[in-house]
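Printed here is query31.cif (mmCIF, C-alpha atoms):
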data_start
#
loop_
_atom_site.label_atom_id
_atom_site.label_comp_id
_atom_site.auth_asym_id
_atom_site.auth_seq_id
_atom_site.Cartn_x
_atom_site.Cartn_y
_atom_site.Cartn_z
CA LEU A 1 6.52 25.56 -3.73
CA LYS A 2 3.88 26.41 -1.13
CA GLN A 3 3.10 22.72 -0.66
CA LEU A 4 6.82 21.96 -0.32
CA SER A 5 7.20 24.69 2.30
CA ARG A 6 4.24 23.28 4.21
CA LEU A 7 5.65 19.77 3.92
CA LYS A 8 8.95 20.98 5.38
CA ALA A 9 7.24 22.91 8.20
CA HIS A 10 5.10 19.85 8.94
CA ALA A 11 8.14 17.55 9.08
CA LYS A 12 9.91 19.98 11.41
CA LEU A 13 6.91 19.99 13.73
CA LEU A 14 6.90 16.20 13.76
CA ALA A 15 10.62 16.25 14.57
CA ARG A 16 9.93 18.60 17.48
CA TYR A 17 7.12 16.35 18.72
CA PHE A 18 9.28 13.24 18.74
CA GLY A 19 12.16 15.17 20.28
CA HIS A 20 9.80 16.11 23.12
CA LEU A 21 8.62 12.50 23.25
CA GLU A 22 12.20 11.41 23.79
CA SER A 23 12.50 13.95 26.61
CA LEU A 24 9.28 12.67 28.13
CA ALA A 25 10.76 9.18 28.21
CA THR A 26 14.04 10.24 29.80
CA SER A 27 13.45 13.47 31.73
CA GLU A 28 11.85 14.34 35.03
CA ALA A 29 10.56 17.70 33.74
CA GLN A 30 7.40 16.11 32.39
CA GLY A 31 5.06 19.03 33.01
CA GLU A 32 7.03 21.43 30.80
CA THR A 33 7.48 18.76 28.15
CA LYS A 34 3.75 18.00 28.01
CA THR A 35 2.96 21.69 27.56
CA ALA A 36 5.47 21.94 24.72
CA MET A 37 4.06 18.82 23.07
CA ASP A 38 0.52 20.17 23.24
CA GLY A 39 1.72 23.29 21.42
CA VAL A 40 3.30 21.20 18.68
CA VAL A 41 0.19 19.03 18.25
CA THR A 42 -1.94 22.17 17.91
CA ALA A 43 0.47 23.56 15.31
CA LEU A 44 0.35 20.29 13.35
CA LYS A 45 -3.43 20.46 13.17
CA GLU A 46 -3.22 24.03 11.85
CA VAL A 47 -0.91 23.37 8.89
CA PRO A 48 -3.02 24.59 5.90
CA TRP A 49 -2.89 21.60 3.57
CA THR A 50 -4.45 21.67 0.11
CA GLN A 51 -5.64 18.11 -0.44
CA SER A 52 -7.26 16.45 -3.43
CA LYS A 53 -10.13 13.98 -2.97
CA SER A 54 -7.77 11.06 -3.56
CA GLN A 55 -5.34 12.41 -0.97
CA SER A 56 -8.09 12.90 1.59
CA LYS A 57 -9.33 9.36 0.96
CA ALA A 58 -5.82 7.92 1.34
CA ILE A 59 -5.21 9.89 4.53
CA SER A 60 -8.50 8.66 5.98
CA ALA A 61 -7.66 5.04 5.15
CA LEU A 62 -5.39 4.47 8.12
CA PRO A 63 -5.10 0.82 9.15
CA PRO A 64 -6.68 -0.01 12.50
CA LEU A 65 -4.47 0.26 15.54
CA VAL A 66 -4.18 -2.49 18.08
CA GLU A 67 -5.10 -1.52 21.62
CA LEU A 68 -2.41 0.54 23.30
CA ALA A 69 -0.12 -1.87 25.09
CA VAL A 70 0.20 -1.75 28.85
CA ASP A 71 3.88 -2.51 29.15
CA MET A 72 6.61 -1.76 31.63
CA LYS A 73 8.67 -0.50 28.71
CA ILE A 74 6.33 2.47 28.39
CA ARG A 75 6.46 4.93 31.24
CA ALA A 76 3.19 6.21 32.63
CA ALA A 77 3.81 9.68 31.17
CA LEU A 78 4.32 8.22 27.70
CA LYS A 79 1.19 6.13 27.95
CA GLU A 80 -0.80 9.19 29.00
CA GLU A 81 0.59 11.15 26.04
CA PHE A 82 -0.22 8.38 23.59
CA ASN A 83 -3.77 8.14 24.91
CA ARG A 84 -4.23 11.87 24.33
CA ASN A 85 -2.60 12.38 20.95
CA LYS A 86 -1.88 9.06 19.23
CA ASP A 87 -4.74 9.45 16.72
CA THR A 88 -3.63 12.94 15.73
CA ILE A 89 0.01 11.94 15.31
CA ARG A 90 -0.90 8.83 13.30
CA ARG A 91 -2.97 10.99 10.97
CA GLU A 92 -0.17 13.56 10.59
CA LEU A 93 2.29 10.79 9.77
CA GLN A 94 -0.16 9.48 7.18
CA ILE A 95 -0.40 12.97 5.66
CA GLN A 96 3.39 13.01 5.22
CA GLU A 97 3.33 9.65 3.47
CA VAL A 98 0.44 10.52 1.14
CA LEU A 99 1.82 13.92 0.11
CA LEU A 100 5.29 12.54 -0.56
CA GLN A 101 3.74 9.74 -2.62
CA GLU A 102 1.78 12.34 -4.57
CA LEU A 103 4.94 14.41 -5.10
CA THR A 104 6.78 11.37 -6.44
CA GLY A 105 3.95 10.76 -8.90
CA GLN A 106 3.98 14.39 -10.04
CA ILE A 107 7.71 14.27 -10.72
CA SER A 108 7.33 10.99 -12.63
CA HIS A 109 4.53 12.55 -14.70
CA ALA A 110 6.66 15.61 -15.45
CA MET A 111 9.51 13.40 -16.62
CA LYS A 112 7.27 11.41 -18.98
CA GLN A 113 4.95 14.13 -20.24
CA GLN A 114 7.33 17.09 -20.48
CA MET A 115 10.97 16.03 -20.62
CA ASN A 116 10.60 13.22 -23.17
CA PRO A 117 8.70 15.32 -25.77
CA LYS A 118 11.07 18.25 -25.19
CA GLU A 119 14.10 16.04 -25.76
CA GLN A 120 12.52 14.64 -28.92
CA GLN A 121 11.66 18.08 -30.28
CA LEU A 122 14.83 19.97 -29.39
CA VAL A 123 17.49 17.26 -29.52
CA MET A 124 16.45 14.28 -31.64
CA ASP A 125 14.38 15.91 -34.40
CA PRO A 126 17.08 18.41 -35.48
CA ILE A 127 19.65 15.66 -36.11
CA THR A 128 17.34 13.00 -37.52
CA GLY A 129 15.35 15.27 -39.83
CA SER A 130 16.07 15.83 -43.51
CA SER A 131 17.18 19.45 -43.01
CA PRO A 132 20.80 20.18 -42.06
CA LEU A 133 21.55 21.25 -38.49
CA LYS A 134 21.48 25.07 -38.49
CA ASP A 135 23.42 25.83 -35.31
CA ALA A 136 25.54 22.98 -33.96
CA GLY A 137 26.73 25.03 -30.97
CA LYS A 138 23.20 25.83 -29.88
CA TRP A 139 22.16 22.20 -30.34
CA VAL A 140 25.04 21.00 -28.12
CA SER A 141 24.12 23.57 -25.46
CA THR A 142 20.43 22.63 -25.58
CA ARG A 143 21.24 18.92 -25.35
CA ARG A 144 23.53 19.55 -22.37
CA ASP A 145 20.80 21.53 -20.58
CA ILE A 146 18.15 18.87 -21.20
CA VAL A 147 20.43 16.03 -20.09
CA HIS A 148 21.31 17.98 -16.93
CA LEU A 149 17.66 18.74 -16.13
CA SER A 150 16.61 15.16 -16.86
CA ALA A 151 19.32 13.82 -14.55
CA LYS A 152 18.27 16.27 -11.82
CA LEU A 153 14.62 15.21 -12.11
CA GLU A 154 15.62 11.54 -12.01
CA LYS A 155 17.64 12.14 -8.84
CA ILE A 156 14.78 14.06 -7.22
CA HIS A 157 12.36 11.27 -8.19
CA GLU A 158 14.60 8.67 -6.55
CA GLU A 159 14.94 10.79 -3.41
CA THR A 160 11.21 11.50 -3.09
CA ASP A 161 10.52 7.80 -3.56
CA SER A 162 13.03 7.10 -0.78
CA ALA A 163 11.38 9.78 1.38
CA THR A 164 7.96 8.19 0.79
CA ASN A 165 9.34 4.87 2.00
CA ALA A 166 10.84 6.66 5.01
CA ALA A 167 7.45 8.20 5.81
CA ARG A 168 5.81 4.78 5.56
CA GLU A 169 8.42 3.25 7.87
CA MET A 170 8.01 6.21 10.22
CA ARG A 171 4.28 5.53 10.56
CA LYS A 172 4.93 1.81 11.11
CA ALA A 173 7.57 2.64 13.71
CA PHE A 174 5.09 4.83 15.57
CA ASP A 175 2.52 2.03 15.59
CA ALA A 176 5.22 -0.33 16.89
CA LEU A 177 6.08 2.25 19.53
CA LEU A 178 2.45 2.33 20.61
CA SER A 179 2.46 -1.45 20.95
CA GLY A 180 5.30 -1.26 23.46
CA GLU A 181 8.31 -2.13 21.31
CA ASP A 182 11.73 -0.73 22.24
CA VAL A 183 10.72 2.87 22.97
CA MET A 184 13.98 4.78 22.55
CA CYS A 185 15.04 2.78 19.50
CA ARG A 186 11.71 3.47 17.78
CA ILE A 187 11.79 7.19 18.63
CA ASN A 188 15.32 7.48 17.24
CA ASP A 189 14.26 5.63 14.07
CA ILE A 190 11.38 8.05 13.55
CA ILE A 191 13.58 11.12 14.08
CA ALA A 192 16.10 9.73 11.56
CA ASP A 193 13.31 9.20 9.01
CA ILE A 194 12.10 12.78 9.49
CA GLU A 195 15.62 14.11 8.97
CA SER A 196 15.89 12.21 5.69
CA ILE A 197 12.57 13.67 4.54
CA LEU A 198 13.72 17.20 5.40
CA ALA A 199 16.91 16.63 3.41
CA VAL A 200 14.87 15.58 0.37
CA VAL A 201 12.62 18.65 0.60
CA ASP A 202 15.69 20.89 0.77
CA THR A 203 17.10 19.17 -2.33
CA ILE A 204 13.89 19.73 -4.29
CA LYS A 205 13.66 23.40 -3.30
CA SER A 206 17.31 24.11 -4.20
#
Kindly transcribe the structure held in the file into structure tokens.
Amino acid sequence: LKQLSRLKAHAKLLARYFGHLESLATSEAQGETKTAMDGVVTALKEVPWTQSKSQSKAISALPPLVELAVDMKIRAALKEEFNRNKDTIRRELQIQEVLLQELTGQISHAMKQQMNPKEQQLVMDPITGSSPLKDAGKWVSTRRDIVHLSAKLEKIHEETDSATNAAREMRKAFDALLSGEDVMCRINDIIADIESILAVVDTIKS
């Protein structure tokens, strides 16, 4: 639950960053926006992640970035911001992707290693064994609970897998943004991906 809370806080910080980035691209109050963005970047760096060796390795394995494009589509203020913080933001986006991928794997493992044996022991064995079923009402209730929990885990697994894909697309969109592709469209795509990730985290925690 702590990791989920951190994941949610991290996604919210990213949403704030890209919201400020949108303002930087469209507003004249660039000084205030830059100050706010610096605060968000600092907060992102301070999120207390607990990472395994495999996670750290995956986070470090970012693909190389092409040189920041000099394009009329990118305002000078945006280019300055990217030059200052692009590496940090790319790493934070990679963290989101890796942790969501890890979460998807954990849920898949729980489904295979815990739910399947539990269903076999509590549902299948009592009706396939040689002994008569002692309490049919309890068996029906147990089966209903296991089916409900299994369906919930399956839904969460699908949603975390979708969120992992969203995180991957979010990182790709940021790289495309850095290369000078349609700035506002890319920012909006990233914000939409973050919102979908936040929705998944809320579903898991509920």
* Contacts of stretch 166-177 of chain A within 7 Å, all atoms listed in the file, excl. fewer than 3 positions in-chain, as a count of residues only -> 14
* Between atom CA of A:Thr104 and atom CA of A:Leu178, distance in Å (one decimal) ->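 Going from atom CA of A:Thr104 over to atom CA of A:Leu178, I get 28.8 Å.
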* Taking (18.3, 17.6, -33.8) in the file's own coordinates, collect the residues within 8 Å, counting all atoms listed in the file, and hand them back as a VMD selection string. => chain A and resid 121 to 129 133 139
* Asked: Neighbours of A:Leu44 within 10 Å (only C-alpha atoms; same-chain residues fewer than 4 positions away dropped), as JSON, numbers by chain?
  -> {"A": [9, 10, 11, 12, 13, 14, 17, 38, 39, 40, 48, 88, 89, 92]}
* Once the PyMOL selection byres ((chain A and resi 147-157) around 9) has been applied to the shown file, what residues remain in the selection, as a PyMOL selection string? -> chain A and resi 103-105+107-108+110-111+115-116+119+142-146+158-162+200+203-204
* atom CA of A:Gly31 to atom CA of A:Glu80: how many Å, to one decimal? ->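 For atom CA of A:Gly31 relative to atom CA of A:Glu80, the distance reads 12.1 Å.
With distances restricted to only C-alpha atoms, A:Lys45 is the closest residue to A:Arg91 from A:Asp189, A:Lys45, A:Gln120, A:Thr26.
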* How many Å lie between atom CA of A:Ile197 and atom CA of A:Val47, rounded to one decimal? ->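 Here the two named atoms are 17.2 Å from each other.
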* **Output of the PyMOL selection byres ((chain A and resi 25) around 8), listed as a PyMOL selection string** => chain A and resi 21-24+26-27+75+77-78+184
Stretch 115-137 of chain A rebuilt with N, CA and C atoms, output as a compact mmCIF listing (two decimals), in the coordinates of the input:
# COMPACT_ATOMS: atom_id res chain seq x y z
N MET A 115 9.57 16.16 -20.23
CA MET A 115 10.97 16.03 -20.62
C MET A 115 11.14 15.20 -21.89
N ASN A 116 10.44 14.08 -22.00
CA ASN A 116 10.60 13.22 -23.17
C ASN A 116 10.22 13.92 -24.47
N PRO A 117 9.04 14.59 -24.54
CA PRO A 117 8.70 15.32 -25.77
C PRO A 117 9.68 16.46 -26.06
N LYS A 118 10.14 17.14 -24.99
CA LYS A 118 11.07 18.25 -25.19
C LYS A 118 12.39 17.75 -25.75
N GLU A 119 12.86 16.62 -25.25
CA GLU A 119 14.10 16.04 -25.76
C GLU A 119 13.94 15.62 -27.22
N GLN A 120 12.78 15.05 -27.54
CA GLN A 120 12.52 14.64 -28.92
C GLN A 120 12.52 15.84 -29.85
N GLN A 121 11.83 16.90 -29.43
CA GLN A 121 11.66 18.08 -30.28
C GLN A 121 12.96 18.87 -30.45
N LEU A 122 13.68 19.08 -29.36
CA LEU A 122 14.83 19.97 -29.39
C LEU A 122 16.17 19.27 -29.64
N VAL A 123 16.22 17.97 -29.39
CA VAL A 123 17.49 17.26 -29.52
C VAL A 123 17.47 16.24 -30.66
N MET A 124 16.46 15.36 -30.66
CA MET A 124 16.45 14.28 -31.64
C MET A 124 16.02 14.74 -33.03
N ASP A 125 14.92 15.50 -33.09
CA ASP A 125 14.38 15.91 -34.40
C ASP A 125 15.39 16.69 -35.24
N PRO A 126 16.14 17.65 -34.65
CA PRO A 126 17.08 18.41 -35.48
C PRO A 126 18.18 17.57 -36.13
N ILE A 127 18.56 16.45 -35.52
CA ILE A 127 19.65 15.66 -36.11
C ILE A 127 19.15 14.45 -36.90
N THR A 128 17.88 14.14 -36.77
CA THR A 128 17.34 13.00 -37.52
C THR A 128 16.49 13.45 -38.70
N GLY A 129 16.17 14.75 -38.75
CA GLY A 129 15.35 15.27 -39.83
C GLY A 129 16.14 15.40 -41.13
N SER A 130 15.43 15.73 -42.19
CA SER A 130 16.07 15.83 -43.51
C SER A 130 16.85 17.13 -43.68
N SER A 131 16.50 18.16 -42.89
CA SER A 131 17.18 19.45 -43.01
C SER A 131 18.50 19.42 -42.25
N PRO A 132 19.51 20.14 -42.76
CA PRO A 132 20.80 20.18 -42.06
C PRO A 132 20.69 20.94 -40.74
N LEU A 133 21.54 20.60 -39.80
CA LEU A 133 21.55 21.25 -38.49
C LEU A 133 22.02 22.69 -38.67
N LYS A 134 21.19 23.65 -38.25
CA LYS A 134 21.48 25.07 -38.49
C LYS A 134 22.57 25.61 -37.56
N ASP A 135 22.49 25.27 -36.29
CA ASP A 135 23.42 25.83 -35.31
C ASP A 135 23.89 24.71 -34.38
N ALA A 136 25.03 24.12 -34.73
CA ALA A 136 25.54 22.98 -33.96
C ALA A 136 25.85 23.37 -32.52
N GLY A 137 26.40 24.57 -32.32
CA GLY A 137 26.73 25.03 -30.97
C GLY A 137 25.51 25.14 -30.08
